[in-house]
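Report on the following structure.
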Amino acid sequence: MQRRLDFVTSDIARWAELLRPLSPDPATLPRRTPVGQLIKSHISSRTRDGNSIPAYRALGRRFGSAAGIAAASVEEIGAVIAEVTFPEVKAERLKAALGMIAAERPDFDLDFLGHMPVPQAMAWLERLPGVGCEVAAATLNVSRLSCPVFVVDTHTIRILRRLGFAGPTQDARGIMTAVMEALPDWPGDELFRLHLGIKALGQTACPHGPPDCPRCPLAGDCPTAAA
Ligand code: SF4
């Protein structure tokens, strides 16, 4: 088991290095508050950035704050995020999640999560309606908290399966756990950069459709390319 883990660790660390040119340095990026990132990630699932980012900004313009969104009706929220997928469902769950947060943290300040062990912080977030593994991990890692947890989205699942790192039925939580076990000492910014590199690959050479393997920096390691 240890030999396999060492092998996997060196693999994914090498892939991270090869993908670095595709992603910006997280230290140069503006980072949202944890609740801001939770809202952004919540409305982003199965939605392109080109629709989710304008929808997030529209929420800010229309309601002003997380408290403003929590006080709005589901119909009002749904109308503002109409361009994302499943806007009515997301609006209902977002309002419910923000309502639960308000009951415990009326100021919506979630910085305390950054002082908790990652599994406990993930569990705190995953109690909230509509908050699964991906949204919880993004709230902790992509926000200004930069906690050491790896965000698994559809690009990550597809690419790590094609690379043979993840099995065909391994789900997001299983892949997140496998990456964290392979890179146990990596800081949050490095895990975020790996996520950004994989996402960039998914938006270019390795999309949902047929991959363009000759363009891919990971082709030398990839069984899909070899096939
Ligand atoms: S080599 Fe091809 S299948 Fe493998 S990760 Fe790169 S683009 Fe995707």
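Starting from 1 in every chain, residues are counted up; chains themselves are A, B, ... following the order of the structure tokens, and ligands are numbered from 1 as listed.
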
Expected answer as a count of residues only: residues within 12 Å of ligand 1, only C-alpha atoms and all ligand atoms
46

Contacts of A:Tyr56 at 9 Å (only C-alpha atoms; same-chain gap of 2+ positions) as a list in words
Gly36, Ile39, Lys40, Ile43, Ser44, Asn51, Ser52, Ile53, Pro54, Ala58, Leu59, Gly60, Arg61, Val80 and Ile81 of chain A

Mind writing the picked residues with N, CA and C atoms as a compact mmCIF listing (two decimals), in the first residue's frame?
```txt
# COMPACT_ATOMS: atom_id res chain seq x y z
N GLY A 36 -19.21 34.61 0.79
CA GLY A 36 -19.29 35.01 -0.62
C GLY A 36 -18.93 33.85 -1.53
N ILE A 39 -21.74 31.27 -1.65
CA ILE A 39 -22.82 31.69 -2.55
C ILE A 39 -22.40 31.47 -4.00
N LYS A 40 -21.19 31.91 -4.35
CA LYS A 40 -20.71 31.76 -5.73
C LYS A 40 -20.66 30.28 -6.13
N ILE A 43 -24.20 28.57 -6.68
CA ILE A 43 -24.93 28.84 -7.93
C ILE A 43 -24.14 28.38 -9.15
N SER A 44 -22.89 27.93 -8.96
CA SER A 44 -22.03 27.61 -10.11
C SER A 44 -22.12 26.17 -10.58
N ASN A 51 -21.80 32.39 -17.11
CA ASN A 51 -23.14 32.64 -16.56
C ASN A 51 -23.13 32.80 -15.04
N SER A 52 -22.28 32.02 -14.36
CA SER A 52 -22.33 32.06 -12.89
C SER A 52 -21.70 33.34 -12.32
N ILE A 53 -20.64 33.83 -12.94
CA ILE A 53 -20.00 35.05 -12.41
C ILE A 53 -20.93 36.26 -12.55
N PRO A 54 -21.55 36.48 -13.73
CA PRO A 54 -22.53 37.59 -13.80
C PRO A 54 -23.70 37.40 -12.83
N ALA A 58 -24.78 39.95 -9.97
CA ALA A 58 -26.15 40.48 -9.96
C ALA A 58 -26.78 40.31 -8.57
N LEU A 59 -26.48 39.21 -7.90
CA LEU A 59 -26.98 39.04 -6.52
C LEU A 59 -26.46 40.16 -5.63
N GLY A 60 -25.19 40.49 -5.78
CA GLY A 60 -24.61 41.57 -4.97
C GLY A 60 -25.27 42.91 -5.25
N ARG A 61 -25.50 43.19 -6.54
CA ARG A 61 -26.13 44.47 -6.89
C ARG A 61 -27.57 44.53 -6.39
N VAL A 80 -33.05 36.60 -10.24
CA VAL A 80 -31.73 37.22 -10.42
C VAL A 80 -30.72 36.21 -10.97
N ILE A 81 -30.86 34.95 -10.60
CA ILE A 81 -29.88 33.94 -11.05
C ILE A 81 -30.48 33.08 -12.17
```

Could you list, as a PyMOL selection string, every residue within 9 Å of A:Leu94, counting only C-alpha atoms and ignoring same-chain residues fewer than 2 positions away?
chain A and resi 39+42-43+69-70+74+77+89-92+96-99+128-131

Which of A:Gly68, A:Pro168, A:Pro148, A:Pro87 sits closest to A:Asp185 [using only C-alpha atoms]:
A:Pro148

Looking only at the backbone, which of the residues in stretch 37-224 of chain A does DSSP tag as helix (DSSP H, G or I), as an MDAnalysis selection string?
chainID A and resid 37:44 49:63 66:71 74:80 87:104 111:115 118:126 133:141 154:162 172:182 188:202 213:215 219:221 223:224

Pick the closest to A:Leu29 from A:Ser143, A:Val179, A:Ala166, A:Asp171: which is it, counting only C-alpha atoms?
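Ranked by minimum distance to A:Leu29, first place goes to A:Ser143.
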
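You will find atom CA of A:Leu145 at 7.8 Å from atom CA of A:Thr33.
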
Residue with smallest distance to A:Pro106 - pool A:Cys147, A:Arg173, A:Ala67, A:Ala82, counting only C-alpha atoms
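Going through A:Cys147, A:Arg173, A:Ala67, A:Ala82 one by one, the smallest distance to A:Pro106 is for A:Ala67.
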
Could you work out how far atom CA of A:Glu75 lies from atom CA of A:Met100, giving the answer in Å with one decimal?
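Atom-to-atom, atom CA of A:Met100 and atom CA of A:Glu75 are spaced 18.8 Å apart.
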
From the options A:Glu83, A:Glu190, A:Glu76, A:Glu88, which residue's atoms come nearest to A:Phe150, counting only C-alpha atoms?
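Going through A:Glu83, A:Glu190, A:Glu76, A:Glu88 one by one, the smallest distance to A:Phe150 is for A:Glu190.
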
Atom pair atom CA of A:Leu196 + atom CA of A:Arg48, distance 14.6 Å
